[in-house]
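Printed here is structure24.cif (mmCIF, C-alpha atoms):
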```cif
data_start
loop_
_atom_site.label_atom_id
_atom_site.label_comp_id
_atom_site.auth_asym_id
_atom_site.auth_seq_id
_atom_site.Cartn_x
_atom_site.Cartn_y
_atom_site.Cartn_z
CA MET A 8 -41.83 -47.66 32.73
CA LYS A 9 -38.21 -48.09 31.59
CA ARG A 10 -39.29 -47.48 27.99
CA ILE A 11 -41.21 -44.35 29.02
CA ALA A 12 -38.23 -43.08 31.03
CA ALA A 13 -35.89 -43.68 28.13
CA LEU A 14 -38.29 -41.89 25.77
CA LEU A 15 -38.51 -38.91 28.12
CA LEU A 16 -34.71 -38.78 28.38
CA THR A 17 -34.37 -38.82 24.59
CA ILE A 18 -36.91 -36.01 24.23
CA THR A 19 -35.08 -33.95 26.85
CA MET A 20 -31.75 -34.39 25.08
CA LEU A 21 -33.25 -33.44 21.71
CA ALA A 22 -34.84 -30.35 23.22
CA ALA A 23 -31.48 -29.30 24.68
CA LEU A 24 -29.76 -29.86 21.34
CA ILE A 25 -32.39 -27.85 19.47
CA ALA A 26 -32.09 -25.03 22.01
CA GLY A 27 -28.32 -25.04 21.58
CA CYS A 28 -28.63 -24.86 17.80
CA ALA A 29 -31.14 -22.05 18.06
CA GLY A 30 -28.74 -20.11 20.23
CA GLY A 31 -25.98 -20.64 17.67
CA SER A 32 -28.12 -19.27 14.84
CA ASP A 33 -28.18 -15.89 16.58
CA GLY A 34 -24.42 -15.67 16.44
CA GLY A 35 -23.58 -17.26 19.80
CA GLU A 36 -21.02 -15.97 22.27
CA GLU A 37 -18.10 -17.25 20.16
CA ASN A 38 -19.23 -15.66 16.87
CA SER A 39 -20.45 -12.37 18.31
CA GLY A 40 -17.35 -11.68 20.40
CA GLN A 41 -19.60 -10.88 23.34
CA ASP A 42 -19.45 -12.50 26.75
CA LYS A 43 -23.12 -12.37 27.71
CA LYS A 44 -22.39 -13.16 31.34
CA SER A 45 -19.86 -10.38 31.87
CA GLY A 46 -21.07 -7.93 29.22
CA ASN A 47 -17.57 -7.70 27.75
CA THR A 48 -16.89 -7.37 24.02
CA GLU A 49 -13.93 -8.80 22.16
CA LEU A 50 -13.09 -7.27 18.79
CA LYS A 51 -11.19 -9.54 16.42
CA MET A 52 -8.75 -7.81 14.06
CA TRP A 53 -6.88 -9.28 11.10
CA THR A 54 -3.70 -7.51 10.04
CA PHE A 55 -0.32 -8.35 8.55
CA LEU A 56 1.39 -6.72 11.54
CA ASP A 57 2.93 -8.95 14.21
CA LEU A 58 2.48 -7.31 17.60
CA THR A 59 5.29 -9.41 19.07
CA SER A 60 7.83 -7.82 16.72
CA ASP A 61 9.80 -4.60 17.12
CA ASN A 62 8.44 -3.19 13.86
CA GLY A 63 7.51 0.47 14.28
CA ARG A 64 3.97 0.10 12.97
CA ALA A 65 3.37 -2.98 15.10
CA LEU A 66 4.57 -1.16 18.22
CA VAL A 67 2.29 1.80 17.53
CA LEU A 68 -0.72 -0.44 16.89
CA LYS A 69 -0.04 -2.27 20.15
CA LYS A 70 0.14 1.03 22.03
CA LEU A 71 -3.09 2.30 20.44
CA ILE A 72 -4.89 -0.90 21.36
CA GLU A 73 -3.74 -0.56 24.97
CA ASN A 74 -4.92 3.07 25.06
CA PHE A 75 -8.26 2.17 23.50
CA GLU A 76 -8.90 -0.65 25.94
CA LYS A 77 -8.17 1.66 28.89
CA GLU A 78 -10.59 4.26 27.58
CA ASN A 79 -13.25 1.65 26.79
CA PRO A 80 -13.53 -0.74 29.77
CA GLY A 81 -15.06 -4.07 28.82
CA VAL A 82 -13.82 -3.90 25.22
CA THR A 83 -10.73 -5.85 24.18
CA VAL A 84 -9.04 -6.10 20.79
CA LYS A 85 -7.62 -9.47 19.76
CA VAL A 86 -5.14 -9.22 16.88
CA GLU A 87 -4.64 -12.24 14.65
CA THR A 88 -1.62 -11.79 12.37
CA GLN A 89 -2.09 -13.03 8.80
CA ASP A 90 0.24 -13.46 5.84
CA TRP A 91 -0.04 -10.26 3.82
CA SER A 92 -0.11 -12.07 0.48
CA THR A 93 -3.24 -14.11 1.33
CA LEU A 94 -4.96 -11.69 3.69
CA ALA A 95 -7.51 -10.41 1.16
CA SER A 96 -8.57 -13.86 -0.03
CA LYS A 97 -8.98 -15.02 3.57
CA ILE A 98 -11.16 -12.01 4.34
CA PHE A 99 -13.40 -12.68 1.34
CA ALA A 100 -13.75 -16.35 2.29
CA ALA A 101 -14.45 -15.50 5.94
CA ALA A 102 -17.11 -12.98 4.95
CA GLU A 103 -18.81 -15.56 2.73
CA SER A 104 -18.96 -18.02 5.64
CA GLY A 105 -20.16 -15.35 8.08
CA ASN A 106 -17.04 -15.55 10.21
CA CYS A 107 -15.13 -12.41 9.22
CA PRO A 108 -13.19 -10.46 11.87
CA ASP A 109 -14.76 -7.24 13.14
CA VAL A 110 -11.87 -5.14 11.85
CA PHE A 111 -9.51 -6.02 8.99
CA MET A 112 -6.85 -4.60 6.71
CA VAL A 113 -6.98 -5.00 2.94
CA ASN A 114 -4.42 -3.84 0.39
CA THR A 115 -4.90 -1.40 -2.47
CA ALA A 116 -5.32 -4.04 -5.15
CA ASN A 117 -8.27 -5.63 -3.35
CA VAL A 118 -10.05 -2.75 -1.64
CA GLY A 119 -12.39 -2.22 -4.60
CA GLU A 120 -13.52 -5.84 -4.51
CA ALA A 121 -14.00 -5.69 -0.74
CA ILE A 122 -16.31 -2.71 -1.18
CA SER A 123 -18.20 -4.20 -4.14
CA ARG A 124 -18.77 -7.42 -2.17
CA GLY A 125 -20.50 -5.35 0.50
CA ILE A 126 -18.30 -6.54 3.35
CA CYS A 127 -17.20 -3.06 4.50
CA GLU A 128 -19.46 -1.07 6.82
CA PRO A 129 -19.90 2.58 5.72
CA LEU A 130 -17.93 5.00 7.88
CA GLU A 131 -20.94 7.30 7.77
CA SER A 132 -23.04 4.84 9.78
CA MET A 133 -20.36 4.60 12.48
CA PHE A 134 -18.67 7.98 12.92
CA TYR A 135 -18.03 9.97 9.74
CA ASP A 136 -21.42 11.71 9.74
CA ASP A 137 -20.62 13.03 13.22
CA TRP A 138 -17.41 14.70 12.08
CA THR A 139 -17.34 18.45 11.56
CA ASP A 140 -16.55 19.91 8.14
CA GLU A 141 -13.15 20.90 9.52
CA MET A 142 -12.39 17.32 10.59
CA LYS A 143 -13.38 15.99 7.17
CA ALA A 144 -11.30 18.59 5.37
CA ASP A 145 -8.28 17.60 7.46
CA VAL A 146 -8.22 14.10 5.93
CA GLU A 147 -9.74 14.75 2.52
CA ASN A 148 -7.42 13.92 -0.36
CA THR A 149 -7.30 11.51 -3.29
CA ILE A 150 -6.15 8.64 -1.07
CA TRP A 151 -8.99 9.08 1.43
CA GLU A 152 -11.52 9.43 -1.35
CA GLN A 153 -10.46 6.16 -2.98
CA GLY A 154 -12.92 4.32 -0.74
CA PHE A 155 -15.83 6.65 -1.61
CA ASP A 156 -18.48 5.25 -3.94
CA GLY A 157 -20.38 8.51 -4.38
CA THR A 158 -22.54 7.90 -1.32
CA ASN A 159 -20.40 6.44 1.44
CA HIS A 160 -16.81 5.99 2.56
CA TYR A 161 -15.88 2.42 3.44
CA GLU A 162 -12.26 2.32 4.61
CA VAL A 163 -9.45 4.27 6.21
CA PRO A 164 -6.14 4.45 4.27
CA LEU A 165 -3.99 3.84 7.32
CA PHE A 166 -0.64 2.95 5.69
CA TYR A 167 0.04 4.46 2.28
CA GLY A 168 3.05 5.32 0.25
CA GLY A 169 4.15 6.11 -3.25
CA PHE A 170 7.00 5.34 -5.61
CA GLY A 171 9.79 7.65 -6.58
CA VAL A 172 13.57 7.88 -6.66
CA MET A 173 15.68 7.19 -3.57
CA TYR A 174 19.05 8.89 -3.82
CA ARG A 175 22.27 9.51 -1.93
CA LYS A 176 22.49 13.15 -0.88
CA ASP A 177 26.20 12.81 -0.15
CA LEU A 178 26.99 11.55 -3.65
CA PHE A 179 24.85 14.25 -5.24
CA LYS A 180 26.82 16.86 -3.28
CA GLU A 181 30.14 15.24 -4.16
CA LYS A 182 29.29 15.31 -7.89
CA ASN A 183 27.69 18.80 -7.75
CA ILE A 184 24.22 17.55 -8.75
CA ASN A 185 21.15 19.52 -7.68
CA PRO A 186 18.19 17.15 -7.12
CA GLU A 187 15.78 19.93 -8.09
CA ASP A 188 17.24 19.85 -11.60
CA ILE A 189 15.90 16.33 -12.19
CA VAL A 190 12.58 17.04 -13.85
CA THR A 191 12.60 14.67 -16.82
CA TRP A 192 13.97 11.18 -17.40
CA ASP A 193 16.65 12.74 -19.61
CA ASP A 194 17.71 14.81 -16.59
CA LEU A 195 17.89 11.69 -14.45
CA ILE A 196 19.97 9.85 -17.04
CA LYS A 197 22.41 12.77 -17.27
CA ALA A 198 22.84 12.78 -13.49
CA ALA A 199 23.11 8.99 -13.37
CA GLU A 200 25.94 9.03 -15.94
CA THR A 201 27.94 11.27 -13.62
CA LEU A 202 27.07 9.05 -10.67
CA THR A 203 28.20 5.83 -12.37
CA TYR A 204 31.84 5.32 -11.39
CA THR A 205 34.30 3.28 -9.34
CA ASP A 206 35.07 4.86 -5.98
CA ASP A 207 38.45 5.11 -4.22
CA ASN A 208 37.86 1.74 -2.56
CA GLY A 209 37.34 0.01 -5.89
CA GLN A 210 33.58 -0.30 -5.39
CA GLN A 211 31.43 -0.01 -8.53
CA ILE A 212 28.70 2.60 -8.07
CA TRP A 213 25.81 2.48 -10.51
CA GLY A 214 23.85 5.63 -11.30
CA TYR A 215 20.39 4.08 -11.28
CA GLY A 216 19.13 0.78 -9.90
CA ILE A 217 15.91 -1.06 -10.72
CA GLY A 218 14.82 -4.68 -10.90
CA TYR A 219 12.80 -6.01 -13.83
CA SER A 220 12.15 -9.53 -12.55
CA LEU A 221 8.55 -10.65 -13.07
CA ASP A 222 8.42 -11.46 -9.38
CA VAL A 223 6.93 -8.05 -8.70
CA THR A 224 3.73 -6.58 -7.27
CA ASP A 225 4.51 -2.87 -7.59
CA PRO A 226 4.85 -0.69 -10.73
CA HIS A 227 8.12 1.18 -10.37
CA GLY A 228 9.68 1.60 -13.82
CA VAL A 229 9.82 4.41 -16.35
CA LEU A 230 6.92 2.88 -18.29
CA PRO A 231 4.33 2.94 -15.47
CA ALA A 232 5.39 6.43 -14.38
CA VAL A 233 4.82 7.72 -17.92
CA LEU A 234 1.51 5.88 -18.39
CA PHE A 235 0.19 7.13 -15.04
CA GLY A 236 1.18 10.69 -15.91
CA GLN A 237 -0.08 10.82 -19.49
CA ASP A 238 -3.34 12.47 -20.50
CA GLY A 239 -6.13 10.17 -19.30
CA GLY A 240 -3.86 8.13 -17.06
CA MET A 241 -3.04 4.42 -17.13
CA PHE A 242 -6.59 3.17 -17.71
CA THR A 243 -9.76 4.34 -19.42
CA ASP A 244 -12.93 4.93 -17.41
CA ASP A 245 -14.03 1.35 -18.05
CA GLY A 246 -10.70 -0.19 -17.03
CA LYS A 247 -9.08 -0.75 -20.42
CA PRO A 248 -5.38 -0.04 -21.08
CA ASN A 249 -5.07 3.60 -22.10
CA LYS A 250 -2.50 4.24 -24.83
CA TRP A 251 -0.26 1.37 -23.77
CA THR A 252 1.04 1.23 -27.35
CA GLY A 253 1.18 5.01 -27.80
CA GLU A 254 4.26 7.09 -28.60
CA ASP A 255 4.97 8.02 -24.98
CA ALA A 256 4.73 4.38 -23.91
CA LYS A 257 7.16 3.30 -26.62
CA LYS A 258 9.55 6.08 -25.69
CA ALA A 259 9.35 5.08 -22.01
CA LEU A 260 10.13 1.45 -22.75
CA GLN A 261 13.05 2.49 -24.92
CA ILE A 262 14.41 4.59 -22.03
CA GLU A 263 14.34 1.49 -19.81
CA LEU A 264 16.37 -0.39 -22.41
CA ASP A 265 18.76 2.49 -23.05
CA MET A 266 19.59 2.83 -19.37
CA ILE A 267 21.31 -0.54 -19.68
CA ASN A 268 22.45 -0.77 -23.29
CA LYS A 269 23.23 2.79 -24.30
CA PHE A 270 23.93 4.89 -21.22
CA LYS A 271 25.16 2.01 -19.03
CA ILE A 272 23.87 3.59 -15.83
CA THR A 273 22.02 0.40 -14.85
CA PRO A 274 23.67 -3.04 -14.71
CA GLU A 275 22.63 -5.84 -17.07
CA SER A 276 21.59 -7.86 -14.02
CA ALA A 277 18.53 -5.57 -13.77
CA ALA A 278 16.75 -7.93 -16.16
CA SER A 279 16.72 -10.74 -13.60
CA ILE A 280 16.85 -9.15 -10.15
CA THR A 281 13.94 -8.12 -7.95
CA SER A 282 13.23 -4.83 -6.24
CA GLU A 283 14.26 -6.54 -2.99
CA ASP A 284 17.70 -7.15 -4.48
CA VAL A 285 17.91 -3.50 -5.45
CA TYR A 286 17.06 -2.29 -1.94
CA THR A 287 19.73 -4.60 -0.51
CA ASP A 288 22.37 -3.37 -2.96
CA PHE A 289 21.42 0.26 -2.35
CA GLN A 290 21.83 -0.25 1.38
CA ALA A 291 25.28 -1.71 0.66
CA GLY A 292 26.27 1.41 -1.27
CA ASN A 293 26.17 -0.03 -4.80
CA TYR A 294 23.77 2.55 -6.26
CA ALA A 295 23.53 6.33 -6.21
CA MET A 296 19.82 6.27 -7.12
CA ILE A 297 17.18 3.56 -7.24
CA ALA A 298 13.49 3.15 -8.01
CA GLY A 299 11.92 2.80 -4.58
CA GLY A 300 8.82 3.13 -2.45
CA THR A 301 8.40 5.42 0.54
CA ILE A 302 7.15 2.52 2.63
CA ARG A 303 10.68 1.06 2.52
CA ILE A 304 12.61 4.17 3.54
CA PRO A 305 12.65 3.49 7.33
CA THR A 306 13.94 -0.03 6.68
CA VAL A 307 16.65 1.21 4.32
CA GLN A 308 17.70 3.90 6.81
CA GLY A 309 18.02 1.28 9.52
CA SER A 310 20.29 -0.99 7.49
CA CYS A 311 22.30 1.23 5.13
CA THR A 312 26.09 1.40 5.23
CA PHE A 313 26.04 5.15 4.60
CA ASP A 314 24.71 7.88 6.89
CA PRO A 315 20.88 7.51 6.99
CA GLU A 316 20.62 11.30 6.98
CA ASP A 317 21.96 11.17 3.41
CA LEU A 318 18.93 9.28 2.09
CA GLY A 319 16.79 11.54 -0.09
CA PHE A 320 13.59 11.01 -2.05
CA LEU A 321 12.48 12.51 -5.37
CA PRO A 322 9.22 12.38 -7.32
CA LEU A 323 9.26 10.35 -10.53
CA PRO A 324 10.40 12.44 -13.53
CA GLY A 325 8.22 13.21 -16.53
CA ILE A 326 8.67 12.07 -20.12
CA ASP A 327 9.21 15.73 -20.97
CA GLU A 328 9.12 19.11 -19.22
CA ASN A 329 5.38 19.48 -19.81
CA THR A 330 4.31 16.14 -18.31
CA MET A 331 4.73 14.97 -14.74
CA GLY A 332 5.46 11.38 -13.92
CA LEU A 333 2.89 10.10 -11.46
CA SER A 334 3.57 7.79 -8.57
CA TYR A 335 1.43 4.73 -7.92
CA ALA A 336 -0.20 5.20 -4.52
CA ALA A 337 -0.32 1.87 -2.72
CA GLY A 338 -0.83 0.69 0.82
CA TRP A 339 -3.23 -0.78 3.33
CA ASN A 340 -6.80 0.14 4.16
CA THR A 341 -8.63 -0.67 7.38
CA ALA A 342 -12.37 -1.37 7.55
CA VAL A 343 -15.12 -2.76 9.74
CA TRP A 344 -16.97 -5.88 8.62
CA SER A 345 -20.55 -5.09 7.63
CA GLY A 346 -21.71 -8.34 9.24
CA SER A 347 -20.09 -7.66 12.61
CA SER A 348 -22.32 -7.79 15.67
CA ASN A 349 -19.98 -5.27 17.32
CA LYS A 350 -20.13 -2.43 14.80
CA GLU A 351 -20.44 0.29 17.42
CA GLU A 352 -17.32 -0.79 19.29
CA ALA A 353 -15.44 -1.64 16.07
CA GLY A 354 -16.32 1.76 14.63
CA LYS A 355 -15.01 3.51 17.75
CA PHE A 356 -11.77 1.56 17.46
CA LEU A 357 -11.34 2.35 13.76
CA GLU A 358 -12.05 6.03 14.40
CA TYR A 359 -9.47 6.07 17.20
CA ILE A 360 -6.60 4.49 15.26
CA CYS A 361 -7.03 7.08 12.48
CA SER A 362 -7.60 10.02 14.83
CA ALA A 363 -5.40 13.12 14.94
CA GLU A 364 -3.95 11.84 18.23
CA ALA A 365 -3.09 8.47 16.70
CA ASP A 366 -1.75 10.11 13.53
CA GLU A 367 1.02 11.77 15.53
CA LEU A 368 2.05 8.40 16.93
CA TRP A 369 2.07 6.77 13.49
CA VAL A 370 4.28 9.60 12.22
CA LYS A 371 6.70 10.05 15.13
CA GLU A 372 7.12 6.43 16.17
CA ALA A 373 6.71 4.59 12.86
CA GLN A 374 7.67 7.22 10.25
CA GLN A 375 4.35 6.89 8.46
CA ILE A 376 3.03 9.51 6.05
CA PRO A 377 0.32 11.40 7.97
CA ILE A 378 -3.37 11.01 7.24
CA HIS A 379 -4.25 14.42 8.67
CA ALA A 380 -2.98 17.58 7.02
CA SER A 381 -2.84 19.22 10.46
CA THR A 382 -0.21 16.69 11.56
CA LEU A 383 2.30 18.38 9.25
CA GLU A 384 2.16 21.50 11.41
CA LYS A 385 1.93 19.68 14.74
CA CYS A 386 5.02 17.59 13.94
CA ALA A 387 7.02 20.35 12.24
CA ASP A 388 10.03 19.86 14.52
CA PHE A 389 10.04 16.13 13.79
CA PHE A 390 10.05 16.73 10.03
CA GLU A 391 12.99 19.12 10.34
CA GLU A 392 15.20 16.21 11.40
CA PRO A 393 17.24 15.04 8.36
CA THR A 394 16.12 11.41 8.65
CA ASN A 395 12.46 12.47 8.56
CA ALA A 396 12.51 15.20 5.93
CA TRP A 397 11.51 12.72 3.20
CA ILE A 398 8.04 12.41 4.73
CA ILE A 399 7.17 15.96 3.65
CA GLN A 400 8.18 15.13 0.07
CA ALA A 401 6.22 11.87 0.20
CA LYS A 402 3.10 13.60 1.54
CA ASP A 403 3.27 16.14 -1.28
CA ILE A 404 3.62 13.34 -3.86
CA LEU A 405 0.60 11.48 -2.45
CA ASP A 406 -1.48 14.66 -2.40
CA ASN A 407 -0.47 16.06 -5.78
CA ARG A 408 1.47 13.58 -7.91
CA ALA A 409 -0.08 10.18 -7.24
CA TYR A 410 -2.22 7.80 -9.23
CA VAL A 411 -4.96 6.33 -7.05
CA GLN A 412 -6.49 3.11 -8.31
CA SER A 413 -10.21 3.22 -9.09
CA ILE A 414 -12.50 0.87 -7.17
CA ASN A 415 -14.84 0.62 -10.16
CA TYR A 416 -12.88 -1.95 -12.17
CA THR A 417 -10.26 -4.66 -11.76
CA VAL A 418 -6.66 -4.17 -12.85
CA THR A 419 -5.00 -7.29 -11.52
CA GLY A 420 -1.49 -8.05 -12.72
CA PHE A 421 -0.83 -4.79 -14.53
CA ALA A 422 2.51 -4.28 -12.73
CA GLU A 423 3.69 -7.66 -13.97
CA ASP A 424 2.45 -6.80 -17.47
CA LEU A 425 4.54 -3.65 -17.61
CA GLN A 426 7.59 -5.50 -16.31
CA ASN A 427 6.97 -8.15 -18.95
CA ALA A 428 7.05 -5.50 -21.68
CA PHE A 429 10.68 -4.89 -20.70
CA GLN A 430 11.40 -8.64 -20.67
CA LEU A 431 9.86 -9.16 -24.10
CA SER A 432 12.03 -6.38 -25.52
CA TYR A 433 15.29 -6.91 -23.65
CA VAL A 434 15.33 -10.70 -23.47
CA ASP A 435 13.20 -11.79 -26.44
CA GLY A 436 14.18 -8.98 -28.78
CA LYS A 437 10.68 -7.80 -29.64
CA SER A 438 10.12 -4.23 -30.76
CA ALA A 439 8.63 -1.81 -28.25
CA GLU A 440 5.33 -1.79 -30.16
CA GLU A 441 5.13 -5.59 -30.27
CA ALA A 442 5.97 -5.97 -26.59
CA LEU A 443 3.49 -3.33 -25.48
CA SER A 444 0.75 -4.77 -27.68
CA ASP A 445 1.34 -8.24 -26.23
CA VAL A 446 1.04 -7.10 -22.62
CA ALA A 447 -1.99 -4.91 -23.34
CA ASN A 448 -3.76 -7.91 -24.86
CA ALA A 449 -2.75 -10.09 -21.90
CA PHE A 450 -4.18 -7.51 -19.51
CA GLU A 451 -7.50 -7.30 -21.36
CA GLU A 452 -7.83 -11.08 -21.60
CA ARG A 453 -7.23 -11.47 -17.88
CA ASN A 454 -9.34 -8.58 -16.57
CA LEU A 455 -11.94 -8.06 -19.27
CA GLY A 456 -12.31 -11.59 -20.59
CA ARG A 457 -11.43 -10.77 -24.18
#
```

How does the structure come out when it is put into structure tokens?
Amino acid sequence: MKRIAALLLTITMLAALIAGCAGGSDGGEENSGQDKKSGNTELKMWTFLDLTSDNGRALVLKKLIENFEKENPGVTVKVETQDWSTLASKIFAAAESGNCPDVFMVNTANVGEAISRGICEPLESMFYDDWTDEMKADVENTIWEQGFDGTNHYEVPLFYGGFGVMYRKDLFKEKNINPEDIVTWDDLIKAAETLTYTDDNGQQIWGYGIGYSLDVTDPHGVLPAVLFGQDGGMFTDDGKPNKWTGEDAKKALQIELDMINKFKITPESAASITSEDVYTDFQAGNYAMIAGGTIRIPTVQGSCTFDPEDLGFLPLPGIDENTMGLSYAAGWNTAVWSGSSNKEEAGKFLEYICSAEADELWVKEAQQIPIHASTLEKCADFFEEPTNAWIIQAKDILDNRAYVQSINYTVTGFAEDLQNAFQLSYVDGKSAEEALSDVANAFEERNLGR
């Protein structure tokens, strides 16, 4: 009898174990984010924002989550902050293992791969097909269309910015320089020569600041601006370098060198410093103009030693009067995981945080460039304030003077390549043609396997 009882106990335990495993194969309460007893749903979100900080974007996201949870009883959003530099790789790994968060943010450089891997749920299947033509037109621009594969949209470009020239309005006025006169790089150099001087306090002011350290992730020099703006853009339709050794490219690289060696509007230290160093020195009053990104303007305004109302922003100049320099449009996209068991709730949340209502909060409380064109009119009074006027300029640049990376091919490391062209010329003494040829070959070997 004892043997029979023991056998029955073993069978019972095995049956329970099998039942437990079977339940787990359907996602389980932990994986699905659903509490089957209470009927509640928990959405997991991965972002680089820390909701415990006083960062403007973090505060707005926290407020939007609170509003969403009030309007959707039983649904909660759990934010798990990730390191921005590894966020994309963690998302890809989590999707492969079937444990991806319901909602996630992915940066410009990796959004194409996220879409090609099939981990982003189409917006059309969640809410976009229900939008009116007027609603779609309100957000439609090159940034929004980046995540469109010809059939579906897969992400919302929540935080985007572009590169241009930050400048001191007060110094421009003092030296009688009209910012509207800066159309070409020659114009900028002429202005920068006037703006390079020692002030009454003995402080050295440099006309133009930029960092050429290889520790860079953003293209912000003369060379990328010229390549983006040239006929055909930076890359060919199949992702190859387009005219990286052409005459305009060589001229652009020479301008970078001449800013230091010939015109002396940029310090020699530019060869070794980072863009972070440049922002810090600009805030301290050491530069009249710098290469900078719109995403950094609120931070600079909050820490600068000069009046934040005197911070202006210009589009990147052209190589000549007939060619515009284009700004690299970069930022963060938000998507819903295609494998989520909470797509309906996740889709509602994504739609809410990019809604017209939310857009006003992102603009007014975090100084973000609006997603909706209608927000420009709704927030007209806000944009009239001197510290916010730059947003109008930035919106125009993103809509009309920005290069938006294609999702159809990989262009990893191209910013470092273009910085390296400067290093090969300035430090190693190579000719512009040699340096540009070297970095073009390095790009192709890395991205095209040749």

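Closest approach to Ile404 (chain A) from the set A:Asn454, A:Thr312, A:Thr252, A:Asn148 is made by A:Asn148, with distances taken over only C-alpha atoms.
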
- Write out as number ranges by chain which residues come within 12 Å of region 80-91 of chain A when counting all atoms listed in the file, dropping same-chain ones fewer than 6 positions away. A: 40-60, 65, 68-74, 97-98, 107-115, 117, 338-339, 349, 351-353, 355-357

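Each of A:Pro377, A:Pro129, A:Gly325, A:Pro274 was checked against Val229 (chain A) using only C-alpha atoms; the smallest atom-to-atom distance is that of A:Gly325.
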
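For the set A:Lys385, A:Lys176, A:Lys257, A:His379, the residue with the smallest atom-to-atom gap to Trp397 (chain A) is A:Lys176, counting all atoms listed in the file.
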
- Message: For this structure, which residues satisfy the selection - the PyMOL selection byres ((chain A and resi 422) around 8) - when it is evaluated on the file as given? I want them as a VMD selection string.
- Response: chain A and resid 223 to 226 231 420 to 421 423 to 426

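Of the residues listed (A:Glu187, A:Glu452, A:Glu364, A:Asp317), A:Asp317 shows the shortest atom-to-atom separation from Gly292 (chain A); distances use only C-alpha atoms.
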
Output the residue selection produced by the PyMOL selection byres ((chain A and resi 399-402) around 10) on the file above, formatted as a tab-separated table (two decimals) with C-alpha atoms, in the frame of the given file.
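Final file, out24.tsv:
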```tsv
chain	number	residue	atom	x	y	z
A	167	TYR	CA	0.04	4.46	2.28
A	168	GLY	CA	3.05	5.32	0.25
A	169	GLY	CA	4.15	6.11	-3.25
A	170	PHE	CA	7.00	5.34	-5.61
A	171	GLY	CA	9.79	7.65	-6.58
A	300	GLY	CA	8.82	3.13	-2.45
A	301	THR	CA	8.40	5.42	0.54
A	302	ILE	CA	7.15	2.52	2.63
A	319	GLY	CA	16.79	11.54	-0.09
A	320	PHE	CA	13.59	11.01	-2.05
A	321	LEU	CA	12.48	12.51	-5.37
A	322	PRO	CA	9.22	12.38	-7.32
A	375	GLN	CA	4.35	6.89	8.46
A	376	ILE	CA	3.03	9.51	6.05
A	377	PRO	CA	0.32	11.40	7.97
A	378	ILE	CA	-3.37	11.01	7.24
A	380	ALA	CA	-2.98	17.58	7.02
A	383	LEU	CA	2.30	18.38	9.25
A	387	ALA	CA	7.02	20.35	12.24
A	390	PHE	CA	10.05	16.73	10.03
A	391	GLU	CA	12.99	19.12	10.34
A	395	ASN	CA	12.46	12.47	8.56
A	396	ALA	CA	12.51	15.20	5.93
A	397	TRP	CA	11.51	12.72	3.20
A	398	ILE	CA	8.04	12.41	4.73
A	403	ASP	CA	3.27	16.14	-1.28
A	404	ILE	CA	3.62	13.34	-3.86
A	405	LEU	CA	0.60	11.48	-2.45
A	406	ASP	CA	-1.48	14.66	-2.40
A	407	ASN	CA	-0.47	16.06	-5.78
A	408	ARG	CA	1.47	13.58	-7.91
A	409	ALA	CA	-0.08	10.18	-7.24
```

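Counting all atoms listed in the file and comparing A:Ala277, A:Cys361, A:Met266, A:Ile304, the residue that lies closest to Phe166 (chain A) is A:Cys361.
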